[in-house]
file work24.json (JSON, C-alpha atoms)
[["chain", "number", "residue", "atom", "x", "y", "z"],
["X", 1, "MET", "CA", -24.82, -13.47, -47.29],
["X", 2, "ILE", "CA", -27.71, -12.81, -49.63],
["X", 3, "LEU", "CA", -31.02, -11.36, -48.45],
["X", 4, "ALA", "CA", -33.70, -12.67, -50.79],
["X", 5, "THR", "CA", -35.36, -9.35, -51.57],
["X", 6, "ARG", "CA", -35.12, -6.46, -54.00],
["X", 7, "ASN", "CA", -36.75, -4.10, -51.48],
["X", 8, "ALA", "CA", -34.13, -1.47, -50.61],
["X", 9, "HIS", "CA", -35.99, -0.48, -47.40],
["X", 10, "LYS", "CA", -35.85, -4.06, -46.19],
["X", 11, "VAL", "CA", -32.14, -4.49, -46.98],
["X", 12, "THR", "CA", -31.29, -1.35, -45.00],
["X", 13, "GLU", "CA", -33.50, -2.41, -42.09],
["X", 14, "VAL", "CA", -32.15, -5.98, -41.89],
["X", 15, "ARG", "CA", -28.54, -4.80, -42.13],
["X", 16, "ALA", "CA", -29.14, -2.43, -39.20],
["X", 17, "ILE", "CA", -30.79, -5.21, -37.18],
["X", 18, "LEU", "CA", -28.10, -7.84, -37.80],
["X", 19, "ALA", "CA", -24.94, -5.70, -37.69],
["X", 20, "PRO", "CA", -24.65, -5.55, -33.88],
["X", 21, "LEU", "CA", -25.61, -9.22, -33.52],
["X", 22, "LEU", "CA", -23.04, -10.77, -35.87],
["X", 23, "PRO", "CA", -19.24, -10.82, -36.13],
["X", 24, "GLY", "CA", -17.54, -7.82, -37.74],
["X", 25, "GLY", "CA", -17.15, -8.02, -41.47],
["X", 26, "PHE", "CA", -20.62, -9.50, -42.01],
["X", 27, "VAL", "CA", -21.88, -8.31, -45.40],
["X", 28, "LEU", "CA", -25.49, -8.56, -46.49],
["X", 29, "GLU", "CA", -26.38, -8.07, -50.14],
["X", 30, "ALA", "CA", -29.72, -7.93, -51.96],
["X", 31, "VAL", "CA", -30.58, -10.70, -54.36],
["X", 32, "PRO", "CA", -29.12, -10.13, -57.86],
["X", 33, "GLY", "CA", -31.59, -8.67, -60.33],
["X", 34, "ASP", "CA", -31.19, -11.50, -62.84],
["X", 35, "LEU", "CA", -32.64, -14.14, -60.51],
["X", 36, "PRO", "CA", -36.30, -14.91, -61.27],
["X", 37, "GLU", "CA", -38.91, -13.71, -58.78],
["X", 38, "PRO", "CA", -40.06, -16.57, -56.53],
["X", 39, "VAL", "CA", -43.71, -17.55, -56.51],
["X", 40, "GLU", "CA", -44.83, -16.75, -52.97],
["X", 41, "ASP", "CA", -47.74, -19.14, -52.81],
["X", 42, "GLY", "CA", -47.34, -20.26, -49.21],
["X", 43, "ALA", "CA", -50.27, -20.13, -46.82],
["X", 44, "THR", "CA", -48.12, -18.76, -43.98],
["X", 45, "PHE", "CA", -45.36, -16.20, -43.51],
["X", 46, "ALA", "CA", -42.94, -19.05, -42.69],
["X", 47, "GLU", "CA", -43.74, -20.91, -45.91],
["X", 48, "ASN", "CA", -43.16, -17.80, -48.02],
["X", 49, "ALA", "CA", -39.88, -16.97, -46.25],
["X", 50, "ILE", "CA", -38.67, -20.53, -46.88],
["X", 51, "ILE", "CA", -39.65, -20.33, -50.57],
["X", 52, "LYS", "CA", -37.59, -17.16, -51.05],
["X", 53, "ALA", "CA", -34.53, -18.24, -49.05],
["X", 54, "THR", "CA", -34.29, -21.74, -50.52],
["X", 55, "GLN", "CA", -34.60, -20.46, -54.09],
["X", 56, "VAL", "CA", -31.64, -18.10, -53.64],
["X", 57, "ALA", "CA", -29.54, -20.68, -51.76],
["X", 58, "ARG", "CA", -30.21, -23.27, -54.48],
["X", 59, "GLU", "CA", -29.68, -20.93, -57.46],
["X", 60, "LEU", "CA", -26.55, -19.19, -56.15],
["X", 61, "GLY", "CA", -25.07, -21.97, -54.02],
["X", 62, "VAL", "CA", -24.63, -19.69, -50.99],
["X", 63, "PRO", "CA", -26.44, -19.27, -47.67],
["X", 64, "ALA", "CA", -29.45, -16.99, -47.98],
["X", 65, "ILE", "CA", -31.88, -15.36, -45.63],
["X", 66, "ALA", "CA", -35.37, -14.12, -46.34],
["X", 67, "ASP", "CA", -38.40, -12.95, -44.51],
["X", 68, "ASP", "CA", -42.08, -12.65, -45.11],
["X", 69, "SER", "CA", -44.12, -10.33, -43.02],
["X", 70, "GLY", "CA", -47.39, -8.55, -42.87],
["X", 71, "LEU", "CA", -50.15, -7.05, -40.85],
["X", 72, "CYS", "CA", -52.75, -9.23, -39.13],
["X", 73, "VAL", "CA", -55.86, -7.37, -37.98],
["X", 74, "ASP", "CA", -57.81, -9.16, -35.25],
["X", 75, "ILE", "CA", -61.31, -8.06, -36.29],
["X", 76, "MET", "CA", -60.55, -9.11, -39.88],
["X", 77, "GLY", "CA", -59.65, -12.65, -38.83],
["X", 78, "GLY", "CA", -55.93, -12.03, -39.35],
["X", 79, "ALA", "CA", -56.24, -10.38, -42.78],
["X", 80, "PRO", "CA", -54.53, -9.01, -44.74],
["X", 81, "GLY", "CA", -51.88, -11.45, -43.45],
["X", 82, "VAL", "CA", -49.78, -13.01, -46.22],
["X", 83, "PHE", "CA", -51.61, -10.75, -48.69],
["X", 84, "SER", "CA", -50.46, -7.53, -46.96],
["X", 85, "ALA", "CA", -48.19, -6.39, -49.81],
["X", 86, "ARG", "CA", -50.91, -6.92, -52.40],
["X", 87, "TRP", "CA", -54.06, -6.23, -50.40],
["X", 88, "SER", "CA", -55.33, -3.70, -52.94],
["X", 89, "GLY", "CA", -54.60, -6.04, -55.86],
["X", 90, "ARG", "CA", -51.30, -4.45, -56.89],
["X", 91, "HIS", "CA", -48.15, -5.87, -55.28],
["X", 92, "GLY", "CA", -46.12, -3.28, -53.39],
["X", 93, "ASP", "CA", -48.55, -0.35, -53.76],
["X", 94, "ASP", "CA", -48.27, 0.83, -50.14],
["X", 95, "ALA", "CA", -50.61, 3.81, -50.56],
["X", 96, "ALA", "CA", -53.39, 1.77, -52.19],
["X", 97, "ASN", "CA", -53.04, -1.05, -49.64],
["X", 98, "LEU", "CA", -53.28, 1.42, -46.77],
["X", 99, "ASP", "CA", -56.21, 3.29, -48.33],
["X", 100, "LEU", "CA", -58.16, 0.05, -48.72],
["X", 101, "LEU", "CA", -57.45, -1.08, -45.17],
["X", 102, "LEU", "CA", -58.49, 2.29, -43.72],
["X", 103, "ALA", "CA", -61.72, 2.19, -45.74],
["X", 104, "GLN", "CA", -62.47, -1.34, -44.53],
["X", 105, "LEU", "CA", -61.95, -0.30, -40.90],
["X", 106, "ALA", "CA", -63.59, 3.14, -41.09],
["X", 107, "ASP", "CA", -66.53, 2.20, -38.84],
["X", 108, "VAL", "CA", -64.59, -0.04, -36.46],
["X", 109, "LYS", "CA", -64.44, 1.19, -32.85],
["X", 110, "PRO", "CA", -61.03, 2.07, -31.33],
["X", 111, "GLU", "CA", -61.12, -0.88, -28.92],
["X", 112, "GLN", "CA", -61.62, -3.27, -31.86],
["X", 113, "ARG", "CA", -58.64, -2.02, -33.88],
["X", 114, "ARG", "CA", -56.11, -4.45, -32.39],
["X", 115, "ALA", "CA", -53.51, -5.75, -34.83],
["X", 116, "ARG", "CA", -50.06, -7.24, -34.97],
["X", 117, "PHE", "CA", -47.20, -7.24, -37.38],
["X", 118, "VAL", "CA", -45.79, -10.74, -37.90],
["X", 119, "CYS", "CA", -42.45, -11.66, -39.46],
["X", 120, "ALA", "CA", -41.00, -15.07, -40.26],
["X", 121, "ALA", "CA", -37.26, -15.05, -41.02],
["X", 122, "ALA", "CA", -35.64, -18.03, -42.72],
["X", 123, "LEU", "CA", -32.03, -19.11, -43.22],
["X", 124, "ALA", "CA", -31.49, -21.58, -46.05],
["X", 125, "LEU", "CA", -28.27, -23.38, -46.92],
["X", 126, "PRO", "CA", -27.33, -24.82, -50.31],
["X", 127, "ASP", "CA", -27.63, -28.33, -48.85],
["X", 128, "GLY", "CA", -31.38, -27.75, -48.37],
["X", 129, "SER", "CA", -31.40, -27.24, -44.61],
["X", 130, "VAL", "CA", -33.61, -24.45, -43.32],
["X", 131, "VAL", "CA", -34.17, -22.68, -40.00],
["X", 132, "VAL", "CA", -37.13, -20.35, -39.38],
["X", 133, "GLU", "CA", -37.78, -17.94, -36.52],
["X", 134, "GLU", "CA", -40.79, -15.67, -35.95],
["X", 135, "GLY", "CA", -41.33, -12.30, -34.31],
["X", 136, "GLN", "CA", -44.41, -10.20, -33.59],
["X", 137, "MET", "CA", -45.20, -6.62, -32.67],
["X", 138, "ARG", "CA", -48.64, -5.96, -31.20],
["X", 139, "GLY", "CA", -50.52, -2.69, -31.31],
["X", 140, "THR", "CA", -53.54, -0.83, -32.63],
["X", 141, "LEU", "CA", -54.50, 0.86, -35.88],
["X", 142, "ARG", "CA", -55.22, 4.55, -36.12],
["X", 143, "TYR", "CA", -57.90, 6.11, -38.30],
["X", 144, "GLU", "CA", -55.46, 8.36, -40.19],
["X", 145, "ARG", "CA", -51.82, 8.33, -41.27],
["X", 146, "ALA", "CA", -49.17, 9.97, -39.10],
["X", 147, "GLY", "CA", -45.42, 10.23, -39.74],
["X", 148, "THR", "CA", -43.15, 10.03, -42.73],
["X", 149, "GLY", "CA", -40.80, 7.18, -41.81],
["X", 150, "GLY", "CA", -41.09, 3.46, -42.38],
["X", 151, "PHE", "CA", -43.16, 1.93, -45.14],
["X", 152, "GLY", "CA", -46.24, -0.20, -45.71],
["X", 153, "TYR", "CA", -48.75, 0.07, -42.88],
["X", 154, "ASP", "CA", -46.34, 1.91, -40.53],
["X", 155, "PRO", "CA", -48.22, 5.27, -40.77],
["X", 156, "VAL", "CA", -51.31, 3.83, -39.02],
["X", 157, "PHE", "CA", -49.79, 1.22, -36.69],
["X", 158, "GLU", "CA", -49.15, 2.24, -33.09],
["X", 159, "ALA", "CA", -47.13, -0.33, -31.15],
["X", 160, "GLU", "CA", -48.20, -1.20, -27.61],
["X", 161, "GLY", "CA", -46.73, 1.24, -25.11],
["X", 162, "TYR", "CA", -45.98, 3.92, -27.69],
["X", 163, "GLY", "CA", -47.99, 7.05, -28.35],
["X", 164, "VAL", "CA", -46.79, 7.37, -31.93],
["X", 165, "THR", "CA", -47.06, 5.34, -35.12],
["X", 166, "ASN", "CA", -44.20, 3.27, -36.47],
["X", 167, "ALA", "CA", -43.79, 5.95, -39.15],
["X", 168, "GLU", "CA", -43.11, 8.51, -36.40],
["X", 169, "LEU", "CA", -40.40, 6.41, -34.75],
["X", 170, "SER", "CA", -36.74, 6.80, -35.67],
["X", 171, "PRO", "CA", -35.35, 3.83, -37.62],
["X", 172, "GLU", "CA", -33.30, 2.88, -34.54],
["X", 173, "ASP", "CA", -36.33, 2.95, -32.23],
["X", 174, "LYS", "CA", -38.45, 0.97, -34.69],
["X", 175, "ASN", "CA", -35.70, -1.63, -35.14],
["X", 176, "ALA", "CA", -35.51, -2.06, -31.37],
["X", 177, "ILE", "CA", -39.14, -3.22, -31.13],
["X", 178, "SER", "CA", -40.23, -4.43, -34.55],
["X", 179, "HIS", "CA", -41.48, -7.85, -35.58],
["X", 180, "ARG", "CA", -38.64, -8.04, -38.11],
["X", 181, "ALA", "CA", -36.05, -7.18, -35.45],
["X", 182, "ARG", "CA", -37.40, -9.90, -33.18],
["X", 183, "ALA", "CA", -37.42, -12.52, -35.93],
["X", 184, "PHE", "CA", -33.92, -11.72, -37.18],
["X", 185, "ALA", "CA", -32.53, -11.43, -33.62],
["X", 186, "ALA", "CA", -33.76, -14.98, -33.06],
["X", 187, "LEU", "CA", -32.22, -16.06, -36.39],
["X", 188, "ALA", "CA", -28.85, -14.33, -35.75],
["X", 189, "PRO", "CA", -27.32, -17.18, -33.64],
["X", 190, "HIS", "CA", -28.06, -19.62, -36.48],
["X", 191, "ILE", "CA", -26.40, -17.25, -38.95],
["X", 192, "ALA", "CA", -23.39, -16.79, -36.65],
["X", 193, "LYS", "CA", -22.85, -20.59, -36.55],
["X", 194, "ILE", "CA", -22.27, -20.77, -40.30],
["X", 195, "LEU", "CA", -20.11, -17.63, -40.63]]
call {"tool": "encode", "arguments": {"input": "work24.json", "output": "structure tokens"}}
result
Amino acid sequence: MILATRNAHKVTEVRAILAPLLPGGFVLEAVPGDLPEPVEDGATFAENAIIKATQVARELGVPAIADDSGLCVDIMGGAPGVFSARWSGRHGDDAANLDLLLAQLADVKPEQRRARFVCAAALALPDGSVVVEEGQMRGTLRYERAGTGGFGYDPVFEAEGYGVTNAELSPEDKNAISHRARAFAALAPHIAKIL
């Protein structure tokens, strides 16, 4: 099956999430480099996940999965939301995105730093049918980075019930509680039906 991304971190993470949930022999590959980048112009995570998965399924004629995810900060009305990966104006610049967010929240009190990671995972078939599932991870945002694992906003996000940031969790621990794990765990039975 093809995962509609070129993000190596995401491929590794989704493989680890799905492997124990699907029959042995399941192989997940990143989208080939010669496929054009989809235009992620959806207003929601679900719309963007569908755009990516359906493009790959249509172009390659095989089932494809995709996700779209991001950070939604309560006091910012849910921003950066679907703009999480390009919050600073440059797509995929994790350091700049995080710097901007920290600057925007510098004077925000600890009790007002509630946030959630949201992930929509989509399965698209060549016949045009699509299934979407969503997962969330709630927590708070710290004032400074901590940890070296993960990516994106992980160094400042502390999940509910944990005293460390996502970047301080092991990949296995993060995958057990993450928004992406929850979305893909919900999608796994739909994937299993077509395998």
call {"tool": "atom_distance", "arguments": {"input": "work24.json", "atom1": "CA of Asp107 in chain X", "atom2": "CA of Thr165 in chain X"}}
result
20.1 Å
call {"tool": "residues_near_point", "arguments": {"input": "work24.json", "point": "(-51.2, -8.3, -51.9)", "cutoff": "12 Å", "atoms": "all atoms listed in the file", "output": "number ranges by chain"}}
result
X: 40-41, 69-71, 79-94, 96-98, 100-101, 152
call {"tool": "closest_residue", "arguments": {"input": "work24.json", "among": "X:Ala53, X:Ala188, X:Met76, X:Ala66", "to": "Gln104 in chain X", "atoms": "all atoms listed in the file"}}
result
X:Met76
call {"tool": "closest_residue", "arguments": {"input": "work24.json", "among": "X:Gly139, X:Gly150, X:Pro155, X:Pro36", "to": "Pro171 in chain X", "atoms": "only C-alpha atoms"}}
result
X:Gly150
call {"tool": "closest_atom_pairs", "arguments": {"input": "work24.json", "of": "range 105-191 of chain X", "to": "range 7-29 of chain X", "cutoff": "8 Å", "atoms": "all atoms listed in the file", "output": "JSON lines"}}
result
{"residue": "X:Phe151", "atom": "CA", "partner": "X:His9", "partner_atom": "CA", "distance": 7.9}
{"residue": "X:Pro171", "atom": "CA", "partner": "X:Glu13", "partner_atom": "CA", "distance": 7.9}
{"residue": "X:Asn175", "atom": "CA", "partner": "X:Ile17", "partner_atom": "CA", "distance": 6.4}
{"residue": "X:Arg180", "atom": "CA", "partner": "X:Val14", "partner_atom": "CA", "distance": 7.8}
{"residue": "X:Ala181", "atom": "CA", "partner": "X:Ile17", "partner_atom": "CA", "distance": 5.9}
{"residue": "X:Phe184", "atom": "CA", "partner": "X:Leu18", "partner_atom": "CA", "distance": 7.0}
{"residue": "X:Ala185", "atom": "CA", "partner": "X:Leu18", "partner_atom": "CA", "distance": 7.1}
{"residue": "X:Ala188", "atom": "CA", "partner": "X:Leu21", "partner_atom": "CA", "distance": 6.4}
{"residue": "X:Ile191", "atom": "CA", "partner": "X:Leu22", "partner_atom": "CA", "distance": 7.9}
call {"tool": "closest_residue", "arguments": {"input": "work24.json", "among": "X:Thr54, X:Ser178, X:Ser170, X:Thr5", "to": "Gln136 in chain X", "atoms": "all atoms listed in the file"}}
result
X:Ser178
call {"tool": "closest_residue", "arguments": {"input": "work24.json", "among": "X:Leu195, X:Arg182, X:Gly78, X:Val73", "to": "Thr140 in chain X", "atoms": "all atoms listed in the file"}}
result
X:Val73
call {"tool": "atom_distance", "arguments": {"input": "work24.json", "atom1": "CA of Pro63 in chain X", "atom2": "CA of Ala124 in chain X"}}
result
5.8 Å
call {"tool": "residues_around", "arguments": {"input": "work24.json", "residues": "Val31 in chain X", "least_positions_apart": "5", "cutoff": "9 Å", "atoms": "only C-alpha atoms", "output": "ChimeraX atom specification"}}
result
/X:2-6,56
call {"tool": "build_atoms", "arguments": {"input": "work24.json", "residues": "range 54-71 of chain X", "atoms": "N, CA, C and O atoms", "output": "short mmCIF file (atom, residue, chain, number, x, y, z; two decimals), in the frame of the given file"}}
result
data_model
loop_
_atom_site.label_atom_id
_atom_site.label_comp_id
_atom_site.auth_asym_id
_atom_site.auth_seq_id
_atom_site.Cartn_x
_atom_site.Cartn_y
_atom_site.Cartn_z
N THR X 54 -34.79 -20.52 -49.88
CA THR X 54 -34.29 -21.74 -50.52
C THR X 54 -34.03 -21.55 -52.02
O THR X 54 -33.09 -22.11 -52.55
N GLN X 55 -34.85 -20.72 -52.68
CA GLN X 55 -34.60 -20.46 -54.09
C GLN X 55 -33.23 -19.81 -54.30
O GLN X 55 -32.45 -20.24 -55.15
N VAL X 56 -32.93 -18.80 -53.50
CA VAL X 56 -31.64 -18.10 -53.64
C VAL X 56 -30.49 -19.02 -53.28
O VAL X 56 -29.47 -19.07 -53.98
N ALA X 57 -30.61 -19.76 -52.17
CA ALA X 57 -29.54 -20.68 -51.76
C ALA X 57 -29.27 -21.73 -52.84
O ALA X 57 -28.12 -22.05 -53.15
N ARG X 58 -30.33 -22.26 -53.44
CA ARG X 58 -30.21 -23.27 -54.48
C ARG X 58 -29.61 -22.68 -55.76
O ARG X 58 -28.68 -23.23 -56.34
N GLU X 59 -30.12 -21.55 -56.20
CA GLU X 59 -29.68 -20.93 -57.46
C GLU X 59 -28.25 -20.41 -57.40
O GLU X 59 -27.50 -20.53 -58.36
N LEU X 60 -27.87 -19.81 -56.26
CA LEU X 60 -26.55 -19.19 -56.15
C LEU X 60 -25.53 -20.05 -55.42
O LEU X 60 -24.34 -19.75 -55.44
N GLY X 61 -25.99 -21.08 -54.73
CA GLY X 61 -25.07 -21.97 -54.02
C GLY X 61 -24.43 -21.33 -52.80
O GLY X 61 -23.32 -21.69 -52.41
N VAL X 62 -25.13 -20.37 -52.19
CA VAL X 62 -24.63 -19.69 -50.99
C VAL X 62 -25.75 -19.63 -49.95
O VAL X 62 -26.92 -19.74 -50.30
N PRO X 63 -25.39 -19.44 -48.68
CA PRO X 63 -26.44 -19.27 -47.67
C PRO X 63 -27.28 -18.03 -48.00
O PRO X 63 -26.75 -17.03 -48.47
N ALA X 64 -28.55 -18.11 -47.72
CA ALA X 64 -29.45 -16.99 -47.98
C ALA X 64 -30.45 -16.85 -46.84
O ALA X 64 -30.81 -17.84 -46.20
N ILE X 65 -30.84 -15.62 -46.62
CA ILE X 65 -31.88 -15.36 -45.63
C ILE X 65 -33.02 -14.63 -46.33
O ILE X 65 -32.82 -13.96 -47.36
N ALA X 66 -34.19 -14.78 -45.79
CA ALA X 66 -35.37 -14.12 -46.34
C ALA X 66 -36.38 -13.95 -45.23
O ALA X 66 -36.32 -14.65 -44.21
N ASP X 67 -37.30 -13.04 -45.46
CA ASP X 67 -38.40 -12.95 -44.51
C ASP X 67 -39.69 -12.73 -45.28
O ASP X 67 -39.69 -12.36 -46.45
N ASP X 68 -40.76 -13.01 -44.61
CA ASP X 68 -42.08 -12.65 -45.11
C ASP X 68 -42.80 -12.08 -43.91
O ASP X 68 -42.70 -12.62 -42.80
N SER X 69 -43.47 -10.99 -44.14
CA SER X 69 -44.12 -10.33 -43.02
C SER X 69 -45.37 -9.63 -43.49
O SER X 69 -45.58 -9.43 -44.69
N GLY X 70 -46.18 -9.26 -42.53
CA GLY X 70 -47.39 -8.55 -42.87
C GLY X 70 -48.16 -8.17 -41.64
O GLY X 70 -47.75 -8.44 -40.50
N LEU X 71 -49.27 -7.54 -41.89
CA LEU X 71 -50.15 -7.05 -40.85
C LEU X 71 -51.33 -8.00 -40.68
O LEU X 71 -51.97 -8.37 -41.67
#
